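Trainee: This structure is in structure tokens; I'll ask about it shortly.
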Amino acid sequence: MPTIQEIKPRKEIEPAWQWDLTTIFETDEDWKTAYEHVKTALPKATAYQGRLHEGTDIVIEAFEAILNVSRLAEQVHVYAHLKHDQDTAVPEYIQMVGQATTLATNISSQLAWFEPEILQLDQEMLSALTTHEEYGHYFSTLLEKQAHVLSPESEALLAQAGEVFMASERTYDFLNDADLTFGKVEKDSKEIQVSHGSYGILLEDNDRNVRRQAFKQVSGAYRNVENTMAAIMSGNIKQHNYEASVRHYQDAREQAMSENQIPSVVYDTLVQTVNESLPLLHDYVALRKQVLQLDDLHPYDLYTPLVGEAPLRFTYSKARDMTFKALAPLGENYLAHLQRAFDERWIDVYENKGKTSGAYSGGGYDTNPFVLLNWQDSLDDLYTLVHELGHSMHSLYTHQNQPYVYGNYPIFLAEIASTTNENILTTYLLDHYSDKDTQIYLLTHYLDAVKGTIFRQTQFAEFEQLMHEADQAGQTLSASYLNAKYLKMNQKYYGPALSKADDTIQIEWARIPHFYYDYYVYQYATGFSAANTLAERITSGDPEKVEAYLTYLKSGDSDDPIKIMQRAGVDMTNADYIQRTMTLFKERLAQLKSLLKQ
């Protein structure tokens with residue numbers, strides 16, 4: 001098992017391993033100045049209310065004033081949240097996040113008149129706006145949502161309720177990141193603190209008792225607050241369903257997908273194709289049970305390497321070097337941009353007390369695309385690094401090539417960039433480590449990635465839809481109800497090899513943060529599936545295919561996501577790209593079985 005880093009106070013972490021947020025604001029006082037500046041800029045945008053009928057020039061002036069406020073507020077928001085996430089227990093940053101959130105809500109409520117007023121314009125003006133040289137795509141997309149945009153008064157009321165709607169998510173964040181503790185486990189006569197950062201490493205340990213202890217500790221912590229968690233989750237689901245209802249959507253899923261211009265067929269095709277492929281997952285789970293020589297396979301046995309101790313470990317410095325070697329097929333320009341992430345300290349590397357769990361890439365149009373990690377020297381950490389850098393390069397290329405109005409991209413596209421990097425890394429490692437144990441480890445890692453990113457995330461997507469539909473039908477989302485449904489779905493996905501006597505997994509729904517993001521998780525599965533195809537195209541050596549991929553990175557939100565991906569080489573409206581991934585899964589599973597027999 002890789003050495004689990006001691007969790008230190010942030011002040012004891014070397015600055016070289018911390019992100020440099022002074023590139024956003026030199027000091028917290030500068031942040032406060034910017035915060036006040038946003039508040040003074042807001043009236044300049046609101047002054048256009050009621051005037052849009054005067055002509056398209058006034059509409060464009062108003063829109064650009066709104067974009068200006070949003071752009072300034074984005075920097076304020078990003079800085080406050082990054083500061084908070086680096087140590088969630090610092091009262092000053094808790095207050096700053098609260099101020100930034102309140103400011104964003106205030107901006108949304110005061111600018112909520114704009115879209116309804118646009119949609120009330122006459123047809124001649126609307127036609128002129130949809131053909132505008134720079135903003136035409138934005139206005140065309142807005143018109144597609146016309147049936148779901150409410151009156152200016154109603155939009156303002158919904159915007160003002162923004163903080164109320166966020167209550168469940170914020171309560172979950174504080175409970176999960178700051179208040180819940182998981183105790184310690186014993187390994188080699190030493191006690192190891194279980195945390196969000198160390199939990200995944202502990203589940204990989206070759207000592208089954210360590211895995212069992214960690215799993216029971218974490219599950220027990222959530223089980224102790226299961227009724228609280230169910231109440232928080234229920235509030236979250238009700239908020240999603242309420243907003244979908246008042247906006248005249250069929251359900252919350254339709255609203256979430258429509259906002260990103262994703263047709264429902266993408267979701268339905270994913271769930272159907274993955275369910276049809278579940279025998280492949282059952283086969284792999286059964287193989288794991290056989291190789292580990294276990295009479296009963298439990299959920300905590302699904303992550304440990306089949307060859308025992310991982311033959312590959314990566315210090316952060318070694319992982320950095322490996323990142324450049326693996327991603328070389330993306331070209332010298334890409335690598336030069338990648339170098340900036342390390343030279344300019346975009347990355348916050350090590351876990352510290354109070355630091356938010358997990359990993360992400362975050363930033364704004366006018367900031368660096370920062371990366372948060374909780375590094376533990378594992379192969380998973382190398383994959384996390386290239387994954388998050390995929391997000392950051394996507395952001396950088398978009399910001400360099402698109403105006404602010406199209407300077408973001410939907411999550412549907414974001415998860416493709418990150419997992420393409422992962423798949424390129426897998427190909428590189430399989431090509432450069434030829435010994436049997438490492439090949440077995442890497443093949444297992446890939447199969448586990450498909451298990452975790454396609455099968456598992458589709459499982460989450462199914463459960464997410466189940467929760468929303470149950471609430472819509474009047475079902476109380478109690479802890480007992482959620483536990484029973486989650487356990488049944490877990491058994492369906494992992495098959496007969498998994499012990500049915502262990503029901504500890506049933507509380508796992510309570511620790512999944514992405515359920516609070518509103519139909520988010522399916523995009524991991526679709527993204528990873530698309531990434532398999534894209535990685536194959538990139539590593540083929542065809543420069544046109546590489547350029548098609550880089551064009552996707554540059555596109556931001558300038559066109560419909562499905563069209564952007566079609567130009568990159570993947571049609572995500574049919575099942576082919578998912579089936580292609582399942583074929584690769586089957587081939588690599590066969591390779592693994594062959595190596596294990598040798």
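Note on naming: chains are A, B, ... as they come in the structure tokens, residues start from 1 per chain, ligands start from 1 in the order shown.
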At most 12 Å is the cut-off: for each residue in region 217-320 of chain A with any atom that close to an atom of region 547-564 of chain A, write down the nearest atom pair and the distance in Å rounded to one decimal, counting only C-alpha atoms, chain first then increasing number, as JSON lines.
Mentor:
{"residue": "A:Met257", "atom": "CA", "partner": "A:Pro561", "partner_atom": "CA", "distance": 11.2}
{"residue": "A:Ser258", "atom": "CA", "partner": "A:Asp560", "partner_atom": "CA", "distance": 11.0}
{"residue": "A:Glu259", "atom": "CA", "partner": "A:Asp560", "partner_atom": "CA", "distance": 10.9}
{"residue": "A:Asn260", "atom": "CA", "partner": "A:Pro561", "partner_atom": "CA", "distance": 7.6}
{"residue": "A:Gln261", "atom": "CA", "partner": "A:Asp560", "partner_atom": "CA", "distance": 6.4}
{"residue": "A:Ile262", "atom": "CA", "partner": "A:Ile562", "partner_atom": "CA", "distance": 7.1}
{"residue": "A:Pro263", "atom": "CA", "partner": "A:Ile562", "partner_atom": "CA", "distance": 8.9}
{"residue": "A:Val265", "atom": "CA", "partner": "A:Ile562", "partner_atom": "CA", "distance": 11.7}
{"residue": "A:Val266", "atom": "CA", "partner": "A:Ile562", "partner_atom": "CA", "distance": 9.7}
Trainee: Can you list, as a PyMOL selection string, every protein, DNA or RNA residue that comes within 8 Å of region 78-90 of chain A when you count only C-alpha atoms, leaving out same-chain residues fewer than 6 positions away?
Mentor: chain A and resi 10+21+24-25+31+96-97+100+177-178+352-356+362-364
Trainee: Would you put the residues from that selection into a file with C-alpha atoms, as a compact mmCIF listing (two decimals), in the first residue's frame?
Mentor:
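The resulting file, out13.txt, is reproduced below:
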# COMPACT_ATOMS: atom_id res chain seq x y z
CA ARG A 10 -1.93 23.92 5.99
CA LEU A 21 -4.11 32.34 -5.72
CA ILE A 24 -6.39 36.28 -8.87
CA PHE A 25 -6.07 38.74 -5.98
CA TRP A 31 -10.82 40.57 -2.93
CA MET A 96 -16.23 35.04 2.15
CA VAL A 97 -17.96 32.08 0.51
CA ALA A 100 -19.85 35.51 -2.68
CA ASP A 177 -16.12 17.76 4.75
CA ALA A 178 -15.87 19.34 8.18
CA ASN A 352 -4.08 19.20 4.86
CA LYS A 353 -6.39 19.46 7.81
CA GLY A 354 -9.71 20.96 6.76
CA LYS A 355 -9.01 20.72 3.03
CA THR A 356 -12.00 19.70 0.97
CA GLY A 362 -11.64 25.00 -10.98
CA GLY A 363 -11.30 28.59 -12.03
CA GLY A 364 -12.83 31.30 -14.15
Trainee: Show me, as a PyMOL selection string, the residues that have an atom within 12 Å of Leu72 (chain A) when counting only C-alpha atoms, minus same-chain residues fewer than 2 positions from it.
Mentor: chain A and resi 24+31+33-42+65-70+74-79+100+103-104+107+364-367+404
Trainee: List the neighbours of Gly200 (chain A) out to 10 Å using only C-alpha atoms; skip same-chain residues closer than 6 positions along the sequence, and give me the result as a list in words.
Mentor: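 Counting only C-alpha atoms, the residues come to Val194, Arg211, Ala214, Phe215, Tyr303, Thr304, Gln376, Ser378 and Asp380 of chain A.
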Trainee: Write out, as a tab-separated table (two decimals), in the first residue's frame, the residues just selected, with C-alpha atoms.
Mentor:
chain	number	residue	atom	x	y	z
A	194	VAL	CA	-9.26	7.39	7.87
A	211	ARG	CA	-9.95	-2.88	3.90
A	214	ALA	CA	-11.88	1.23	6.65
A	215	PHE	CA	-15.12	0.25	4.94
A	303	TYR	CA	-10.62	-2.22	-5.36
A	304	THR	CA	-7.54	-4.06	-4.12
A	376	GLN	CA	-1.09	9.96	-1.70
A	378	SER	CA	-0.68	6.01	-5.73
A	380	ASP	CA	-4.80	6.50	-8.88
Trainee: Which polymer residues have any atom within 8 Å of an atom of Asn236 (chain A), counting only C-alpha atoms, with same-chain residues fewer than 6 positions away left out, as a list in words?
Mentor: Phe165, Ser168, Glu169 and Tyr516 of chain A
Trainee: Would you save the residues of that selection, restricted to N, CA, C and O atoms, as a compact mmCIF listing (two decimals), in the first residue's frame?
Mentor:
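So the final result, stored in again-v1.txt, reads:
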# COMPACT_ATOMS: atom_id res chain seq x y z
N PHE A 165 -32.45 27.29 -2.15
CA PHE A 165 -32.32 26.07 -2.94
C PHE A 165 -30.97 25.38 -2.69
O PHE A 165 -30.86 24.16 -2.84
N SER A 168 -29.55 22.45 1.01
CA SER A 168 -29.25 21.03 1.16
C SER A 168 -27.81 20.73 0.77
O SER A 168 -27.08 20.02 1.49
N GLU A 169 -27.40 21.27 -0.37
CA GLU A 169 -26.04 21.02 -0.83
C GLU A 169 -25.01 21.58 0.14
O GLU A 169 -24.01 20.93 0.47
N TYR A 516 -26.00 15.73 -5.54
CA TYR A 516 -26.47 17.09 -5.27
C TYR A 516 -26.29 18.00 -6.49
O TYR A 516 -26.66 19.17 -6.44
Trainee: From region 131-361 of chain A, collect each residue whose DSSP state is strand (DSSP E) and return the set as number ranges by chain.
Mentor: A: 184-187, 190-193, 347-348, 360-361
Trainee: To one decimal place, how far is CA of Glu388 (chain A) from CA of Arg345 (chain A) in Å?
Mentor: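 Distance reported for this atom pair: 14.2 Å.
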Trainee: Among region 182-364 of chain A, which residues carry a DSSP assignment of helix (DSSP H, G or I), reported as a ChimeraX atom specification?
Mentor: /A:196-203,208-224,226-246,252-259,264-276,278-291,299-301,316-326,328-330,332-343
Trainee: Which distance in Å separates CA of Phe585 (chain A) and CA of Arg288 (chain A), to one decimal?
Mentor: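 Value for the CA of Phe585 (chain A)-CA of Arg288 (chain A) distance: 14.9 Å.
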Trainee: Report, in Å with one decimal, the straight-line distance from CA of Pro116 (chain A) to CA of Gln49 (chain A).
Mentor: 10.7 Å
Trainee: Please provide the set of residues having any atom within 12 Å of Ala252 (chain A), restricted to only C-alpha atoms, with same-chain residues fewer than 3 positions apart removed, written as a ChimeraX atom specification.
Mentor: /A:236-249,255-259,264,464-469,471-472,517-520
Trainee: Measuring atom to atom with only C-alpha atoms, identify which of A:Ile201, A:Ala414, A:Leu294, A:Ile60 is nearest to His387 (chain A).
Mentor: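 With only C-alpha atoms as the atom set, the closest residue is A:Ala414.
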Trainee: Identify, on the basis of only C-alpha atoms, every residue whose closest approach to Asp20 (chain A) does not exceed 8 Å; exclude the query and any residue fewer than 3 positions from it along the same chain; express the result as a compact mmCIF listing (two decimals) with all heavy atoms, in the first residue's frame.
Mentor:
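Output file selection.txt follows:
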# COMPACT_ATOMS: atom_id res chain seq x y z
N THR A 23 -2.48 35.22 -8.10
CA THR A 23 -2.69 35.60 -9.50
C THR A 23 -4.12 36.05 -9.74
O THR A 23 -4.42 36.64 -10.78
CB THR A 23 -2.36 34.42 -10.44
OG1 THR A 23 -3.15 33.28 -10.07
CG2 THR A 23 -0.88 34.06 -10.35
N GLU A 344 3.65 27.68 -12.83
CA GLU A 344 2.91 28.81 -12.28
C GLU A 344 2.08 28.43 -11.05
O GLU A 344 1.27 29.22 -10.58
CB GLU A 344 2.02 29.42 -13.36
CG GLU A 344 2.80 29.95 -14.55
CD GLU A 344 1.91 30.41 -15.70
OE1 GLU A 344 0.69 30.61 -15.47
OE2 GLU A 344 2.43 30.56 -16.82
N ARG A 345 2.28 27.22 -10.55
CA ARG A 345 1.63 26.75 -9.32
C ARG A 345 0.11 26.85 -9.40
O ARG A 345 -0.55 27.48 -8.60
CB ARG A 345 2.16 27.53 -8.11
CG ARG A 345 3.57 27.17 -7.70
CD ARG A 345 4.09 28.07 -6.59
NE ARG A 345 3.15 28.16 -5.49
CZ ARG A 345 3.13 29.18 -4.63
NH1 ARG A 345 3.99 30.18 -4.75
NH2 ARG A 345 2.25 29.20 -3.64
N TRP A 346 -0.42 26.14 -10.41
CA TRP A 346 -1.88 26.03 -10.50
C TRP A 346 -2.40 24.94 -9.57
O TRP A 346 -3.61 24.87 -9.32
CB TRP A 346 -2.29 25.64 -11.92
CG TRP A 346 -1.99 26.64 -12.99
CD1 TRP A 346 -1.39 27.87 -12.85
CD2 TRP A 346 -2.26 26.48 -14.38
NE1 TRP A 346 -1.27 28.47 -14.06
CE2 TRP A 346 -1.80 27.65 -15.03
CE3 TRP A 346 -2.84 25.47 -15.14
CZ2 TRP A 346 -1.91 27.83 -16.41
CZ3 TRP A 346 -2.95 25.64 -16.51
CH2 TRP A 346 -2.49 26.82 -17.13
